[in-house]
Amino acid sequence: MMRPIASLGRSTLDALSALGRAAMFLAQSAVGIPSREGWHLWLRQMHFIGVMSLAIVLVSGLFIGMVLGLQGYTILVGFGAEDALGQMVALSLLRELAPVVAALLFAGRAGSALTAEIGLMKATEQLTSMEMIGVDPLRRIVAPRLWAGFISMPLLTVGFSVVGIWGGYLVGVQWLGVFDGSYWSNMQSSVAFVDDILNGMLKSVVFGLVVTWIAVFQGYDLIPTSEGISRATTRTVVYSSLAVLGLDFVLTALMFGELG
Amino acid sequence: MFDNYRDVDERYVTDTTLVDVEGLHFSRGENDIFRGVDLRIPKGKITAVMGPSGTGKTTLLKLIGGQLVPDAGRVCIDGEDVHGLSRRALFRMRRRMGMLFQSGALFSDLSVFENVAFPLRVHTDLPEAMVRDIVLMKLQSVGLRGARNLSPAELSGGMARRVALARAVALDPELVLYDEPFVGQDPISMGVLVELIKTVNQALGLTAVIVSHDIKETLSIADYVYIIADGQVMAHGTPQTLDVNRDARVKQFVHGEPDGPVPFHYPAPDFYRDILASKGERS
């Protein structure tokens, strides 16, 4: 009778303790804002986290835009509203698909790599040796990665949206014959800068912070064995994906909830 | 049972103490690692901390380096309580220490040269030419100046440990902590490391703490030895006094006897009954 209650209590305490550690970790790492001395570390991580994720994000963006163009045309043509294709593709991408899908891809590509990299550094005592040299690994290792992820994510989302809109154009206008003037002008007249573009960017900023935070914390907090690294990498992808999808609903409700 | 650490051989402790460990208690979960450990590490000497595997020797180094916090007791380095320092002050103190890790713990994304240069680059404003000279001098002292452009993945275990030694002494620290420096080394590398630790210590006038269970090698270079077992200091003395120590446990450890007070067998039920029980289970 008591055992399940005790077990539930222990799990709750463990979860709260992990949340507390993660919050302390974020507070201590975020202090390491890219400085003049640490500029090269931050730049290297921008390359690894941002530039190296560009290919997968852009290719996915192109395909998603093309699918949107095709599906959108098929539905809209039934109502004789295929001219609104540009509007539909742009709003779907800017408000939802670009921030969410780019964040999910980012978690799989960069997040898992960050966890494995920091975890391996921990397992081979590199983090401990750095501490013993008198260098704080939170500032030297974690902070540049955290900031690079935070800054890369919105930029990747912009890339995703641009390529996606172009993919929709390729299919809708070039292939299916929608009039290109209406594709662009409908998009221009219906997309609002603050409501659509800025809100979408805000989502990607939040997702960037959360995904990178989860990834670096999982790497830093793991049990330094091969099994520990494997579990932490999986946890990064699972937790990040759930956090992105959950937060997307919350942010959408806050941003667009009143529109209906 | 054993002399208090305050009664250490006066011929040995003639100079001031650098590291003072007092009444150290530390546990992991239910498992007591230390139950009141007292040690005194004098300046400029090589002090060895020895004991069977699993006695918490590496944990002791982590407690001295401030990476772990004791349940009770304190560790003072040059009069400062390591665990009473702020995070910033602790990191500042660590610049006066070097540590050689069992695995070498070289940074895998940096070359041999950059690994040794790392402490110099982060803690000093020396011009590049001087950093280069110091790194080459340190690498020369461990015989690996020619390997400066290799990556850690290209080094053998012994070479990695020598590079790690060069990095540990790059800032000319006062105190160097060696964590099992001889483990897993072939006889040649082992000989090289023994000689290097001795020479580097004498040349730079360092204080060294060596944690090891390689008796012969460690006793050959240590000025004083503490043997830890069951969470306490079991014996201490110069290598010569320990060699003739008549305590059964010390004798077993120092002379590497397979059976004695520390039993060969892990606690288990009676062998005869165990065998019969398994036969009964099968039938």
# chains A, B, ... in the order shown; residues from 1 in each chain; ligands from 1
$ closest_atom_pairs --of "chain A" --to "chain B" --cutoff "6 Å" --atoms "only C-alpha atoms" --output "JSON lines"
{"residue": "A:Thr124", "atom": "CA", "partner": "B:Ala105", "partner_atom": "CA", "distance": 5.9}
{"residue": "A:Glu125", "atom": "CA", "partner": "B:Ala105", "partner_atom": "CA", "distance": 5.3}
{"residue": "A:Gln126", "atom": "CA", "partner": "B:Ala105", "partner_atom": "CA", "distance": 5.0}
{"residue": "A:Met132", "atom": "CA", "partner": "B:Arg94", "partner_atom": "CA", "distance": 5.7}
{"residue": "A:Ile133", "atom": "CA", "partner": "B:Arg95", "partner_atom": "CA", "distance": 5.9}
{"residue": "A:Gly134", "atom": "CA", "partner": "B:Phe91", "partner_atom": "CA", "distance": 4.4}
$ select_by_dssp --residues "segment 170-271 of chain B" --states "alpha helix (DSSP H)" --output "short mmCIF file (atom, residue, chain, number, x, y, z; two decimals) with N, CA and C atoms, in the first residue's frame"
data_model
loop_
_atom_site.label_atom_id
_atom_site.label_comp_id
_atom_site.auth_asym_id
_atom_site.auth_seq_id
_atom_site.Cartn_x
_atom_site.Cartn_y
_atom_site.Cartn_z
N PRO B 187 55.95 -1.46 -18.80
CA PRO B 187 57.10 -1.20 -17.90
C PRO B 187 57.93 0.02 -18.31
N ILE B 188 58.08 0.23 -19.62
CA ILE B 188 58.92 1.37 -20.05
C ILE B 188 58.23 2.68 -19.70
N SER B 189 56.92 2.80 -20.07
CA SER B 189 56.18 4.03 -19.76
C SER B 189 56.14 4.26 -18.26
N MET B 190 55.99 3.17 -17.50
CA MET B 190 55.91 3.28 -16.05
C MET B 190 57.22 3.87 -15.53
N GLY B 191 58.35 3.33 -16.01
CA GLY B 191 59.66 3.83 -15.60
C GLY B 191 59.83 5.30 -15.95
N VAL B 192 59.38 5.65 -17.18
CA VAL B 192 59.49 7.04 -17.63
C VAL B 192 58.69 7.95 -16.70
N LEU B 193 57.46 7.53 -16.39
CA LEU B 193 56.59 8.38 -15.54
C LEU B 193 57.16 8.54 -14.13
N VAL B 194 57.68 7.44 -13.57
CA VAL B 194 58.27 7.51 -12.23
C VAL B 194 59.40 8.53 -12.22
N GLU B 195 60.26 8.42 -13.22
CA GLU B 195 61.41 9.31 -13.30
C GLU B 195 60.97 10.76 -13.51
N LEU B 196 59.96 10.91 -14.39
CA LEU B 196 59.48 12.27 -14.70
C LEU B 196 58.88 12.95 -13.48
N ILE B 197 58.05 12.22 -12.75
CA ILE B 197 57.39 12.82 -11.58
C ILE B 197 58.46 13.26 -10.58
N LYS B 198 59.45 12.39 -10.40
CA LYS B 198 60.52 12.70 -9.46
C LYS B 198 61.31 13.94 -9.91
N THR B 199 61.69 13.93 -11.19
CA THR B 199 62.52 15.03 -11.70
C THR B 199 61.75 16.35 -11.69
N VAL B 200 60.50 16.29 -12.21
CA VAL B 200 59.70 17.51 -12.28
C VAL B 200 59.51 18.09 -10.88
N ASN B 201 59.26 17.20 -9.93
CA ASN B 201 59.03 17.67 -8.55
C ASN B 201 60.27 18.34 -7.98
N GLN B 202 61.41 17.71 -8.23
CA GLN B 202 62.65 18.29 -7.69
C GLN B 202 62.99 19.59 -8.40
N ALA B 203 62.85 19.57 -9.74
CA ALA B 203 63.26 20.75 -10.52
C ALA B 203 62.40 21.97 -10.19
N LEU B 204 61.09 21.75 -10.01
CA LEU B 204 60.20 22.89 -9.80
C LEU B 204 59.89 23.12 -8.32
N ILE B 215 52.65 -0.27 -5.50
CA ILE B 215 53.51 -0.14 -4.32
C ILE B 215 54.94 0.22 -4.68
N LYS B 216 55.54 -0.61 -5.57
CA LYS B 216 56.98 -0.48 -5.81
C LYS B 216 57.31 0.91 -6.35
N GLU B 217 56.58 1.29 -7.39
CA GLU B 217 56.86 2.57 -8.05
C GLU B 217 56.63 3.74 -7.11
N THR B 218 55.52 3.68 -6.37
CA THR B 218 55.19 4.81 -5.51
C THR B 218 56.17 4.93 -4.35
N LEU B 219 56.49 3.80 -3.73
CA LEU B 219 57.41 3.87 -2.60
C LEU B 219 58.80 4.33 -3.03
N SER B 220 59.13 4.11 -4.32
CA SER B 220 60.47 4.50 -4.77
C SER B 220 60.63 6.02 -4.88
N ILE B 221 59.51 6.76 -4.99
CA ILE B 221 59.67 8.21 -5.13
C ILE B 221 59.04 9.00 -3.98
N PRO B 239 58.65 5.39 3.54
CA PRO B 239 58.63 4.08 2.89
C PRO B 239 59.43 3.03 3.67
N GLN B 240 60.52 3.47 4.29
CA GLN B 240 61.37 2.52 5.02
C GLN B 240 60.63 1.99 6.26
N THR B 241 59.96 2.87 6.99
CA THR B 241 59.29 2.40 8.21
C THR B 241 58.09 1.51 7.86
N LEU B 242 57.43 1.81 6.75
CA LEU B 242 56.27 0.99 6.38
C LEU B 242 56.72 -0.40 5.94
N ASP B 243 57.90 -0.44 5.33
CA ASP B 243 58.41 -1.72 4.84
C ASP B 243 58.62 -2.71 5.98
N ALA B 248 49.51 -6.63 10.55
CA ALA B 248 49.17 -7.64 9.54
C ALA B 248 48.58 -7.00 8.28
N ARG B 249 47.71 -6.00 8.46
CA ARG B 249 47.06 -5.39 7.28
C ARG B 249 48.06 -4.60 6.44
N VAL B 250 48.94 -3.88 7.14
CA VAL B 250 49.96 -3.10 6.42
C VAL B 250 50.89 -4.04 5.68
N LYS B 251 51.29 -5.11 6.36
CA LYS B 251 52.20 -6.09 5.74
C LYS B 251 51.57 -6.69 4.49
N GLN B 252 50.29 -7.03 4.61
CA GLN B 252 49.60 -7.64 3.46
C GLN B 252 49.59 -6.69 2.27
N PHE B 253 49.30 -5.41 2.54
CA PHE B 253 49.21 -4.44 1.45
C PHE B 253 50.59 -4.13 0.86
N VAL B 254 51.55 -3.82 1.76
CA VAL B 254 52.87 -3.39 1.27
C VAL B 254 53.58 -4.53 0.53
N PHE B 271 30.99 -22.60 1.14
CA PHE B 271 31.18 -23.12 -0.21
C PHE B 271 30.51 -24.50 -0.39
#
$ closest_residue --among "A:Leu13, A:Ala84, A:Ala23, A:Val67" --to "Ser182 of chain A" --atoms "only C-alpha atoms"
A:Ala84
$ closest_residue --among "B:Leu110, B:Met130, B:Arg161, B:Thr124" --to "Arg148 of chain B" --atoms "only C-alpha atoms"
B:Leu110
$ atom_distance --atom1 "atom CA of Ser230 of chain A" --atom2 "atom CA of Phe106 of chain A"
18.2 Å
$ residues_around --residues "Asn186 of chain A" --least-positions-apart "3" --cutoff "10 Å" --atoms "only C-alpha atoms" --output "PyMOL selection string"
chain A and resi 83-88+90+180-183+189-191
$ atom_distance --atom1 "atom CA of Leu175 of chain B" --atom2 "atom CA of Tyr224 of chain B"
15.5 Å
$ closest_residue --among "A:Ala113, A:Ala98, A:Ala30, A:Leu202" --to "Ala143 of chain A" --atoms "only C-alpha atoms"
A:Ala30
